[in-house]
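Enquirer: Below: one structure in structure tokens.
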Amino acid sequence: MTIERVGVVGCGLMGRGIAQVCAQAGHATVVSEINDELLAAGMASIEKFLSKGVDKGKLSEEEMQSTLDNLTGTTDLADFAGCDLVIEAATENREMKLEIFRSLDGICGPEAVFGSNTSSLNITEMAVATGRPERVVGLHFFNPVPLMKLVEVISTMLVEDSVVGEVKAFGEGLGKVVVVARDRTGFIVNRLLVPYLLGAIRVLDEGLATMEDIDQAMKLGCGYPMGPFTLLDLVGIDTTYYIANIMYEEFREPQFAPPPLLRRMVLAGRHGRKTGRGFYDYSG
Ligand code: CAA
């Protein structure tokens, strides 16, 4: 089976990037949101990203137009009926994701493959919520999706090897580098990244150094593109808190326990760039 028509559930931070790269790679792509307002915001942001790409000389006007022509927005999951692959990129909420997969199972053809962009939830649980657990994988992209080269494909003990192969080829067709991991919370990247980010918050809270100096140290001392606090603001403080809780619940290891300062930031509404303030202030 070749994956041609793609559906993306959710046009938020991740969904819009995933829909964009699918459409850009030539796939007829349907992307959904829960209401017209959120859909319009997501579509406008895709157009803005593409248009900046044209200004930077990264793509031509024609490529931008054909990408937009490949994209259709919807607020009705029924429009995923003809998709070969549906990638769920809804809010990181277990119940919501399970409900989406149950609905998709009744809408899509029996051969359709389902992928979840979850960064921390259990793929096996999503697979068994459908009548096709052998056709469900994790398909984890990184933020900002159009710029980040990596995709993690997550295989469960129920998935068919051929499906993992098809999804891997699909990811490569998007111009990404694909790695395969087993269904263990956090997969490869977050399993190693989350303890690092939480560690940065702990040493800030204990007064080791300023956050600016910690960011500089890790950027210049390790060659990372961003320091941990800049990255936390990009990923989202609330998202990191959510992921840390799930990882702690799964492994019960102190390295995954969300530090008190992280929880206070979430309660204070300082969720990062998306709210205008996280560790840094973006209001200007
Ligand atoms: N269209 C096309 N290309 C564009 C573009 C656009 N609109 N905007 C930027 N680019 C290109 C740039 O031209 C540049 O290309 P060259 O390298 O060929 O010059 C490249 O993309 C990088 O862009 P910038 O130079 O503007 O920005 P940068 O060098 O500061 O890099 C970054 C930005 C890629 C985000 C980099 O800072 C980075 O890699 N940061 C780390 C991000 C990260 O770790 N993300 C993962 C988070 S974890 C996650 O997502 C998973 C989870 O589950 C929590």
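Letters for chains follow the order of the structure tokens (A, B, ...), residue numbers begin at 1 for each chain, and ligand numbers begin at 1 in the order shown.
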Produce a table with one row for each residue of chain A that has an atom at most 6 Å from any atom of ligand 1, each row naming the nearest atom pair and its distance in Å at one decimal; use only C-alpha atoms and all ligand atoms; arrange rows by chain and rising residue number; format as a Markdown table.

Expert:
| residue | atom | partner | partner_atom_place_in_ligand_line | distance |
| --- | --- | --- | --- | --- |
| A:Phe49 | CA | ligand 1 | 7 (N) | 4.3 |
| A:Leu50 | CA | ligand 1 | 7 (N) | 5.4 |
| A:Lys52 | CA | ligand 1 | 7 (N) | 4.4 |
| A:Gly53 | CA | ligand 1 | 1 (N) | 3.3 |
| A:Lys58 | CA | ligand 1 | 2 (C) | 5.0 |
| A:Ser119 | CA | ligand 1 | 53 (O) | 4.3 |
| A:Phe142 | CA | ligand 1 | 50 (O) | 3.6 |
| A:Asn143 | CA | ligand 1 | 50 (O) | 3.8 |
| A:Pro144 | CA | ligand 1 | 35 (C) | 6.0 |
| A:Leu147 | CA | ligand 1 | 34 (C) | 5.4 |
| A:Pro225 | CA | ligand 1 | 37 (O) | 4.9 |
| A:Met226 | CA | ligand 1 | 40 (N) | 5.4 |
| A:Val235 | CA | ligand 1 | 54 (C) | 5.4 |

Enquirer: Deliver the residues from the most recent selection as a file, using N, CA and C atoms, as a PDB file, in the first residue's frame.

Expert:
ATOM      1  N   PHE A  49       3.915  30.974   7.306  1.00  0.00           N
ATOM      2  CA  PHE A  49       5.206  30.274   7.312  1.00  0.00           C
ATOM      3  C   PHE A  49       5.721  30.080   5.886  1.00  0.00           C
ATOM      4  N   LEU A  50       4.787  29.667   4.997  1.00  0.00           N
ATOM      5  CA  LEU A  50       5.185  29.434   3.595  1.00  0.00           C
ATOM      6  C   LEU A  50       5.627  30.739   2.946  1.00  0.00           C
ATOM      7  N   LYS A  52       6.864  33.356   4.393  1.00  0.00           N
ATOM      8  CA  LYS A  52       8.200  33.726   4.901  1.00  0.00           C
ATOM      9  C   LYS A  52       9.275  32.916   4.188  1.00  0.00           C
ATOM     10  N   GLY A  53       8.943  31.639   3.917  1.00  0.00           N
ATOM     11  CA  GLY A  53       9.872  30.762   3.190  1.00  0.00           C
ATOM     12  C   GLY A  53      10.157  31.295   1.795  1.00  0.00           C
ATOM     13  N   LYS A  58      13.516  30.020   0.225  1.00  0.00           N
ATOM     14  CA  LYS A  58      13.537  28.578   0.519  1.00  0.00           C
ATOM     15  C   LYS A  58      12.569  27.799  -0.371  1.00  0.00           C
ATOM     16  N   SER A 119       3.574  12.783  22.401  1.00  0.00           N
ATOM     17  CA  SER A 119       4.977  12.745  22.798  1.00  0.00           C
ATOM     18  C   SER A 119       5.164  11.853  24.014  1.00  0.00           C
ATOM     19  N   PHE A 142       8.710  16.925  15.549  1.00  0.00           N
ATOM     20  CA  PHE A 142       9.349  17.860  16.488  1.00  0.00           C
ATOM     21  C   PHE A 142       9.076  19.299  16.083  1.00  0.00           C
ATOM     22  N   ASN A 143       9.036  20.147  17.061  1.00  0.00           N
ATOM     23  CA  ASN A 143       8.640  21.541  16.903  1.00  0.00           C
ATOM     24  C   ASN A 143       9.868  22.438  16.697  1.00  0.00           C
ATOM     25  N   PRO A 144       9.916  23.286  15.690  1.00  0.00           N
ATOM     26  CA  PRO A 144       8.946  23.539  14.632  1.00  0.00           C
ATOM     27  C   PRO A 144       9.030  22.490  13.503  1.00  0.00           C
ATOM     28  N   LEU A 147      10.945  22.696  10.156  1.00  0.00           N
ATOM     29  CA  LEU A 147      12.407  22.877  10.230  1.00  0.00           C
ATOM     30  C   LEU A 147      13.136  21.701  10.872  1.00  0.00           C
ATOM     31  N   PRO A 225      21.435  24.149  19.796  1.00  0.00           N
ATOM     32  CA  PRO A 225      20.931  25.360  19.130  1.00  0.00           C
ATOM     33  C   PRO A 225      20.233  26.333  20.074  1.00  0.00           C
ATOM     34  N   MET A 226      19.679  25.815  21.147  1.00  0.00           N
ATOM     35  CA  MET A 226      18.987  26.664  22.134  1.00  0.00           C
ATOM     36  C   MET A 226      19.340  26.178  23.522  1.00  0.00           C
ATOM     37  N   VAL A 235       8.734  24.669  23.606  1.00  0.00           N
ATOM     38  CA  VAL A 235       7.929  23.443  23.733  1.00  0.00           C
ATOM     39  C   VAL A 235       6.614  23.741  24.467  1.00  0.00           C
TER      40      VAL A 235
END

Enquirer: Need to verify the contact set: stretch 257-264 of chain A, 12 Å, only C-alpha atoms, exclusion of same-chain residues closer than 3 positions in sequence. Can you return it as a short mmCIF file (atom, residue, chain, number, x, y, z; two decimals) with all heavy atoms, in the first residue's frame?

Expert:
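In the end it all went to selection.cif:
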data_model
loop_
_atom_site.label_atom_id
_atom_site.label_comp_id
_atom_site.auth_asym_id
_atom_site.auth_seq_id
_atom_site.Cartn_x
_atom_site.Cartn_y
_atom_site.Cartn_z
N VAL A 194 13.63 15.24 28.54
CA VAL A 194 12.82 15.74 29.66
C VAL A 194 13.63 15.80 30.97
O VAL A 194 13.62 16.84 31.64
CB VAL A 194 11.49 14.94 29.78
CG1 VAL A 194 10.75 15.28 31.07
CG2 VAL A 194 10.60 15.25 28.56
N PRO A 195 14.40 14.74 31.33
CA PRO A 195 15.22 14.87 32.56
C PRO A 195 16.21 16.05 32.48
O PRO A 195 16.47 16.71 33.49
CB PRO A 195 15.97 13.54 32.64
CG PRO A 195 15.16 12.60 31.84
CD PRO A 195 14.51 13.40 30.75
N TYR A 196 16.73 16.31 31.28
CA TYR A 196 17.66 17.44 31.09
C TYR A 196 16.95 18.77 31.36
O TYR A 196 17.45 19.62 32.10
CB TYR A 196 18.23 17.37 29.66
CG TYR A 196 18.77 18.67 29.11
CD1 TYR A 196 19.94 19.24 29.60
CD2 TYR A 196 18.10 19.32 28.06
CE1 TYR A 196 20.43 20.43 29.06
CE2 TYR A 196 18.59 20.51 27.53
CZ TYR A 196 19.75 21.06 28.03
OH TYR A 196 20.23 22.23 27.51
N LEU A 197 15.75 18.94 30.78
CA LEU A 197 15.01 20.19 30.96
C LEU A 197 14.59 20.37 32.43
O LEU A 197 14.69 21.47 32.99
CB LEU A 197 13.77 20.22 30.06
CG LEU A 197 14.04 20.26 28.55
CD1 LEU A 197 12.75 20.16 27.74
CD2 LEU A 197 14.81 21.53 28.15
N LEU A 198 14.14 19.28 33.05
CA LEU A 198 13.72 19.36 34.46
C LEU A 198 14.94 19.67 35.33
O LEU A 198 14.85 20.43 36.31
CB LEU A 198 13.05 18.06 34.92
CG LEU A 198 11.81 17.62 34.13
CD1 LEU A 198 11.25 16.33 34.73
CD2 LEU A 198 10.72 18.70 34.12
N GLY A 199 16.08 19.12 34.97
CA GLY A 199 17.33 19.38 35.72
C GLY A 199 17.71 20.85 35.64
O GLY A 199 18.17 21.44 36.64
N ALA A 200 17.49 21.46 34.48
CA ALA A 200 17.81 22.89 34.33
C ALA A 200 16.93 23.72 35.27
O ALA A 200 17.39 24.66 35.92
CB ALA A 200 17.59 23.31 32.88
N ILE A 201 15.65 23.35 35.37
CA ILE A 201 14.73 24.09 36.27
C ILE A 201 15.18 23.92 37.72
O ILE A 201 15.17 24.86 38.51
CB ILE A 201 13.27 23.60 36.07
CG1 ILE A 201 12.82 23.88 34.63
CG2 ILE A 201 12.34 24.28 37.07
CD1 ILE A 201 11.47 23.28 34.27
N ARG A 202 15.61 22.71 38.08
CA ARG A 202 16.04 22.46 39.46
C ARG A 202 17.26 23.30 39.82
O ARG A 202 17.31 23.90 40.89
CB ARG A 202 16.35 20.97 39.68
CG ARG A 202 15.10 20.13 39.71
CD ARG A 202 15.36 18.69 40.19
NE ARG A 202 14.13 17.94 39.96
CZ ARG A 202 13.92 17.13 38.92
NH1 ARG A 202 14.88 16.92 38.06
NH2 ARG A 202 12.76 16.53 38.77
N VAL A 203 18.24 23.35 38.90
CA VAL A 203 19.45 24.11 39.26
C VAL A 203 19.18 25.61 39.25
O VAL A 203 19.79 26.36 40.02
CB VAL A 203 20.70 23.75 38.40
CG1 VAL A 203 21.09 22.29 38.60
CG2 VAL A 203 20.53 24.08 36.92
N LEU A 204 18.23 26.06 38.43
CA LEU A 204 17.84 27.48 38.47
C LEU A 204 17.22 27.78 39.83
O LEU A 204 17.57 28.77 40.49
CB LEU A 204 16.84 27.80 37.35
CG LEU A 204 16.27 29.22 37.37
CD1 LEU A 204 17.34 30.24 36.96
CD2 LEU A 204 15.05 29.36 36.46
N ASP A 205 16.32 26.90 40.25
CA ASP A 205 15.60 27.11 41.51
C ASP A 205 16.55 27.08 42.71
O ASP A 205 16.32 27.76 43.70
CB ASP A 205 14.51 26.03 41.64
CG ASP A 205 13.33 26.51 42.46
OD1 ASP A 205 13.14 27.75 42.58
OD2 ASP A 205 12.58 25.66 42.98
N GLU A 206 17.63 26.31 42.61
CA GLU A 206 18.57 26.25 43.74
C GLU A 206 19.57 27.40 43.68
O GLU A 206 20.41 27.55 44.56
CB GLU A 206 19.24 24.87 43.82
CG GLU A 206 20.52 24.74 43.07
CD GLU A 206 21.13 23.36 43.05
OE1 GLU A 206 20.43 22.35 43.16
OE2 GLU A 206 22.37 23.30 42.89
N PHE A 229 16.07 26.91 28.79
CA PHE A 229 14.90 27.75 29.11
C PHE A 229 14.26 28.29 27.83
O PHE A 229 13.04 28.43 27.74
CB PHE A 229 15.28 28.87 30.09
CG PHE A 229 15.74 28.27 31.40
CD1 PHE A 229 17.08 28.25 31.74
CD2 PHE A 229 14.82 27.67 32.24
CE1 PHE A 229 17.51 27.64 32.90
CE2 PHE A 229 15.24 27.05 33.41
CZ PHE A 229 16.59 27.03 33.75
N LEU A 232 12.38 25.30 26.65
CA LEU A 232 11.16 25.08 27.44
C LEU A 232 10.06 26.04 27.00
O LEU A 232 8.89 25.66 26.88
CB LEU A 232 11.46 25.30 28.94
CG LEU A 232 12.09 24.10 29.65
CD1 LEU A 232 12.85 24.54 30.89
CD2 LEU A 232 11.02 23.08 30.01
N ASP A 233 10.42 27.29 26.73
CA ASP A 233 9.42 28.27 26.28
C ASP A 233 8.87 27.92 24.91
O ASP A 233 7.73 28.21 24.59
CB ASP A 233 10.04 29.69 26.24
CG ASP A 233 10.13 30.32 27.63
OD1 ASP A 233 9.57 29.74 28.58
OD2 ASP A 233 10.74 31.39 27.75
N GLY A 236 6.67 24.64 25.44
CA GLY A 236 5.49 24.95 26.27
C GLY A 236 5.73 24.43 27.68
O GLY A 236 6.06 23.25 27.86
N ILE A 237 5.57 25.32 28.66
CA ILE A 237 5.79 24.94 30.06
C ILE A 237 4.71 23.95 30.50
O ILE A 237 4.97 22.98 31.21
CB ILE A 237 5.73 26.21 30.97
CG1 ILE A 237 6.67 27.33 30.44
CG2 ILE A 237 6.02 25.89 32.43
CD1 ILE A 237 8.11 26.99 30.38
N ASP A 238 3.47 24.21 30.06
CA ASP A 238 2.36 23.32 30.41
C ASP A 238 2.55 21.94 29.78
O ASP A 238 2.32 20.91 30.42
CB ASP A 238 1.02 23.95 29.97
CG ASP A 238 1.01 24.35 28.50
OD1 ASP A 238 2.09 24.58 27.92
OD2 ASP A 238 -0.09 24.44 27.91
N THR A 239 3.01 21.93 28.52
CA THR A 239 3.23 20.65 27.83
C THR A 239 4.32 19.85 28.54
O THR A 239 4.19 18.64 28.76
CB THR A 239 3.64 20.92 26.36
OG1 THR A 239 2.66 21.76 25.78
CG2 THR A 239 3.77 19.65 25.55
N THR A 240 5.40 20.55 28.92
CA THR A 240 6.51 19.86 29.60
C THR A 240 6.03 19.28 30.93
O THR A 240 6.36 18.15 31.30
CB THR A 240 7.68 20.83 29.85
OG1 THR A 240 8.01 21.44 28.60
CG2 THR A 240 8.90 20.13 30.42
N TYR A 241 5.21 20.06 31.65
CA TYR A 241 4.67 19.60 32.94
C TYR A 241 3.82 18.34 32.74
O TYR A 241 3.95 17.36 33.48
CB TYR A 241 3.84 20.74 33.55
CG TYR A 241 3.21 20.41 34.87
CD1 TYR A 241 4.01 20.17 35.99
CD2 TYR A 241 1.82 20.34 35.02
CE1 TYR A 241 3.43 19.86 37.22
CE2 TYR A 241 1.24 20.04 36.23
CZ TYR A 241 2.06 19.80 37.32
OH TYR A 241 1.49 19.50 38.53
N TYR A 242 3.01 18.39 31.70
CA TYR A 242 2.12 17.28 31.40
C TYR A 242 2.94 16.02 31.07
O TYR A 242 2.71 14.94 31.60
CB TYR A 242 1.23 17.68 30.22
CG TYR A 242 0.15 16.68 29.92
CD1 TYR A 242 -1.03 16.66 30.64
CD2 TYR A 242 0.32 15.74 28.91
CE1 TYR A 242 -2.01 15.74 30.38
CE2 TYR A 242 -0.66 14.81 28.63
CZ TYR A 242 -1.83 14.81 29.38
OH TYR A 242 -2.79 13.88 29.11
N ILE A 243 3.95 16.20 30.20
CA ILE A 243 4.78 15.06 29.79
C ILE A 243 5.54 14.50 31.00
O ILE A 243 5.61 13.28 31.19
CB ILE A 243 5.80 15.48 28.70
CG1 ILE A 243 5.09 15.93 27.42
CG2 ILE A 243 6.78 14.35 28.38
CD1 ILE A 243 6.02 16.52 26.35
N ALA A 244 6.08 15.40 31.83
CA ALA A 244 6.86 14.95 33.00
C ALA A 244 5.98 14.11 33.93
O ALA A 244 6.41 13.06 34.42
CB ALA A 244 7.44 16.16 33.75
N ASN A 245 4.75 14.55 34.13
CA ASN A 245 3.85 13.79 35.01
C ASN A 245 3.59 12.40 34.46
O ASN A 245 3.58 11.42 35.22
CB ASN A 245 2.51 14.54 35.17
CG ASN A 245 2.58 15.56 36.29
OD1 ASN A 245 2.95 15.23 37.41
ND2 ASN A 245 2.27 16.80 35.98
N ILE A 246 3.38 12.32 33.14
CA ILE A 246 3.10 11.00 32.55
C ILE A 246 4.34 10.11 32.66
O ILE A 246 4.24 8.92 32.97
CB ILE A 246 2.67 11.15 31.08
CG1 ILE A 246 1.32 11.87 31.02
CG2 ILE A 246 2.57 9.79 30.39
CD1 ILE A 246 0.85 12.15 29.63
N MET A 247 5.52 10.71 32.43
CA MET A 247 6.75 9.90 32.50
C MET A 247 7.01 9.44 33.93
O MET A 247 7.44 8.32 34.16
CB MET A 247 7.93 10.69 31.93
CG MET A 247 7.74 10.95 30.44
SD MET A 247 9.15 11.74 29.66
CE MET A 247 10.22 10.34 29.46
N TYR A 248 6.73 10.33 34.89
CA TYR A 248 6.93 9.96 36.29
C TYR A 248 5.98 8.83 36.69
O TYR A 248 6.36 7.87 37.37
CB TYR A 248 6.73 11.18 37.20
CG TYR A 248 7.04 10.87 38.63
CD1 TYR A 248 8.32 10.46 39.00
CD2 TYR A 248 6.06 10.93 39.61
CE1 TYR A 248 8.62 10.13 40.31
CE2 TYR A 248 6.35 10.61 40.93
CZ TYR A 248 7.63 10.20 41.27
OH TYR A 248 7.92 9.87 42.57
N GLU A 249 4.75 8.95 36.20
CA GLU A 249 3.75 7.92 36.49
C GLU A 249 4.20 6.57 35.91
O GLU A 249 4.03 5.53 36.54
CB GLU A 249 2.45 8.35 35.83
CG GLU A 249 1.20 7.77 36.44
CD GLU A 249 0.00 8.33 35.71
OE1 GLU A 249 -0.22 9.56 35.80
OE2 GLU A 249 -0.68 7.56 35.02
N GLU A 250 4.79 6.61 34.72
CA GLU A 250 5.20 5.36 34.05
C GLU A 250 6.42 4.73 34.72
O GLU A 250 6.46 3.55 34.99
CB GLU A 250 5.51 5.65 32.57
CG GLU A 250 6.14 4.48 31.83
CD GLU A 250 5.20 3.75 30.89
OE1 GLU A 250 3.97 3.84 31.09
OE2 GLU A 250 5.68 3.09 29.97
N PHE A 251 7.46 5.56 34.99
CA PHE A 251 8.74 4.98 35.43
C PHE A 251 8.98 5.08 36.95
O PHE A 251 9.84 4.39 37.47
CB PHE A 251 9.90 5.65 34.69
CG PHE A 251 9.85 5.45 33.20
CD1 PHE A 251 9.58 6.52 32.35
CD2 PHE A 251 10.05 4.19 32.64
CE1 PHE A 251 9.53 6.34 30.97
CE2 PHE A 251 10.00 4.00 31.26
CZ PHE A 251 9.73 5.07 30.42
N ARG A 252 8.28 6.01 37.62
CA ARG A 252 8.48 6.23 39.06
C ARG A 252 9.93 6.52 39.41
O ARG A 252 10.45 6.07 40.42
CB ARG A 252 7.98 5.02 39.87
CG ARG A 252 6.52 4.75 39.72
CD ARG A 252 5.70 5.71 40.55
NE ARG A 252 4.31 5.69 40.13
CZ ARG A 252 3.39 6.56 40.52
NH1 ARG A 252 3.72 7.50 41.36
NH2 ARG A 252 2.17 6.50 40.09
N GLU A 253 10.62 7.23 38.53
CA GLU A 253 12.01 7.61 38.81
C GLU A 253 12.05 9.11 39.08
O GLU A 253 11.44 9.89 38.33
CB GLU A 253 12.89 7.30 37.59
CG GLU A 253 13.10 5.81 37.36
CD GLU A 253 13.82 5.52 36.04
OE1 GLU A 253 14.44 6.44 35.48
OE2 GLU A 253 13.72 4.37 35.57
N PRO A 254 12.80 9.56 40.14
CA PRO A 254 12.80 10.98 40.51
C PRO A 254 13.22 11.91 39.37
O PRO A 254 12.79 13.06 39.32
CB PRO A 254 13.83 11.06 41.66
CG PRO A 254 14.00 9.68 42.14
CD PRO A 254 13.60 8.74 41.05
N LEU A 267 0.70 27.04 36.97
CA LEU A 267 -0.42 27.66 37.69
C LEU A 267 -0.50 29.15 37.42
O LEU A 267 -1.57 29.73 37.34
CB LEU A 267 -0.27 27.40 39.21
CG LEU A 267 -0.47 25.94 39.62
CD1 LEU A 267 -0.08 25.75 41.09
CD2 LEU A 267 -1.91 25.51 39.39
N ALA A 268 0.67 29.79 37.25
CA ALA A 268 0.71 31.23 37.02
C ALA A 268 0.36 31.59 35.58
O ALA A 268 0.30 32.78 35.23
CB ALA A 268 2.09 31.76 37.39
N GLY A 269 0.15 30.59 34.73
CA GLY A 269 -0.21 30.87 33.33
C GLY A 269 0.99 31.24 32.48
O GLY A 269 0.82 31.70 31.35
N ARG A 270 2.20 31.04 32.99
CA ARG A 270 3.40 31.33 32.17
C ARG A 270 3.77 30.08 31.38
O ARG A 270 4.62 29.29 31.81
CB ARG A 270 4.55 31.77 33.09
CG ARG A 270 4.25 33.10 33.72
CD ARG A 270 5.44 33.66 34.44
NE ARG A 270 5.08 34.95 35.03
CZ ARG A 270 5.85 35.64 35.83
NH1 ARG A 270 7.03 35.18 36.16
NH2 ARG A 270 5.44 36.80 36.32
N HIS A 271 3.10 29.92 30.25
CA HIS A 271 3.22 28.66 29.50
C HIS A 271 4.23 28.73 28.36
O HIS A 271 4.32 27.83 27.56
CB HIS A 271 1.84 28.24 28.97
CG HIS A 271 0.87 27.90 30.06
ND1 HIS A 271 -0.42 27.53 29.83
CD2 HIS A 271 1.01 27.88 31.42
CE1 HIS A 271 -1.04 27.30 30.98
NE2 HIS A 271 -0.19 27.51 31.96
N GLY A 272 4.96 29.85 28.26
CA GLY A 272 5.98 29.95 27.20
C GLY A 272 5.58 30.94 26.13
O GLY A 272 4.71 31.78 26.33
N GLY A 278 7.01 32.96 29.49
CA GLY A 278 7.36 31.68 30.09
C GLY A 278 8.51 32.01 31.02
O GLY A 278 8.38 32.86 31.90
N PHE A 279 9.67 31.39 30.80
CA PHE A 279 10.85 31.82 31.54
C PHE A 279 11.26 33.21 31.05
O PHE A 279 11.67 34.05 31.82
CB PHE A 279 11.98 30.80 31.39
CG PHE A 279 11.72 29.58 32.23
CD1 PHE A 279 11.16 28.44 31.67
CD2 PHE A 279 11.98 29.59 33.59
CE1 PHE A 279 10.89 27.33 32.46
CE2 PHE A 279 11.72 28.50 34.38
CZ PHE A 279 11.17 27.35 33.81
#

Enquirer: Looking at A:Arg273, A:Arg184, A:Lys176, A:Arg191, which one is nearest to A:Val21, with distances taken over only C-alpha atoms?

Expert: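 Nearest candidate to A:Val21 out of A:Arg273, A:Arg184, A:Lys176, A:Arg191: A:Lys176.
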
Enquirer: A:Asp215, A:Asp36, A:Glu92, A:Glu166: which is nearest A:Ala112, counting only C-alpha atoms?

Expert: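 Using only C-alpha atoms, the shortest distance to A:Ala112 belongs to A:Glu166.
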
Enquirer: As a count of residues only, please: every residue in stretch 43-262 of chain A that DSSP puts in strand (DSSP E or B).

Expert: 30

Enquirer: Taking only C-alpha atoms into account, name the residue in A:Pro146, A:Gly138, A:Gly106, A:Gly7 that is nearest to A:Asp79.

Expert: A:Gly7

Enquirer: Please identify all polymer residues within 12 Å of A:Ile188, counting only C-alpha atoms, omitting same-chain residues fewer than 4 positions from it, and present them as an MDAnalysis selection string.

Expert: chainID A and resid 119:120 140 150:154 178:184 192:194

Enquirer: Could you list, as an MDAnalysis selection string, every residue within 10 Å of stretch 64-74 of chain A, counting only C-alpha atoms and ignoring same-chain residues fewer than 2 positions away?

Expert: chainID A and resid 5:11 19:36 39:40 42:43 46:47 49:51 53:54 59:62 76:80

Enquirer: My list of candidates is A:Thr156, A:Asp55, A:Tyr280, A:Ile123. Which is closest to A:Thr210 when distances are computed with only C-alpha atoms?

Expert: A:Tyr280

Enquirer: Quick one: pick out all helix (DSSP H, G or I) residues within stretch 76-214 of chain A from a backbone DSSP run and write them as number ranges by chain.

Expert: A: 77-80, 94-107, 123-128, 133-135, 161-173, 189-205, 211-214
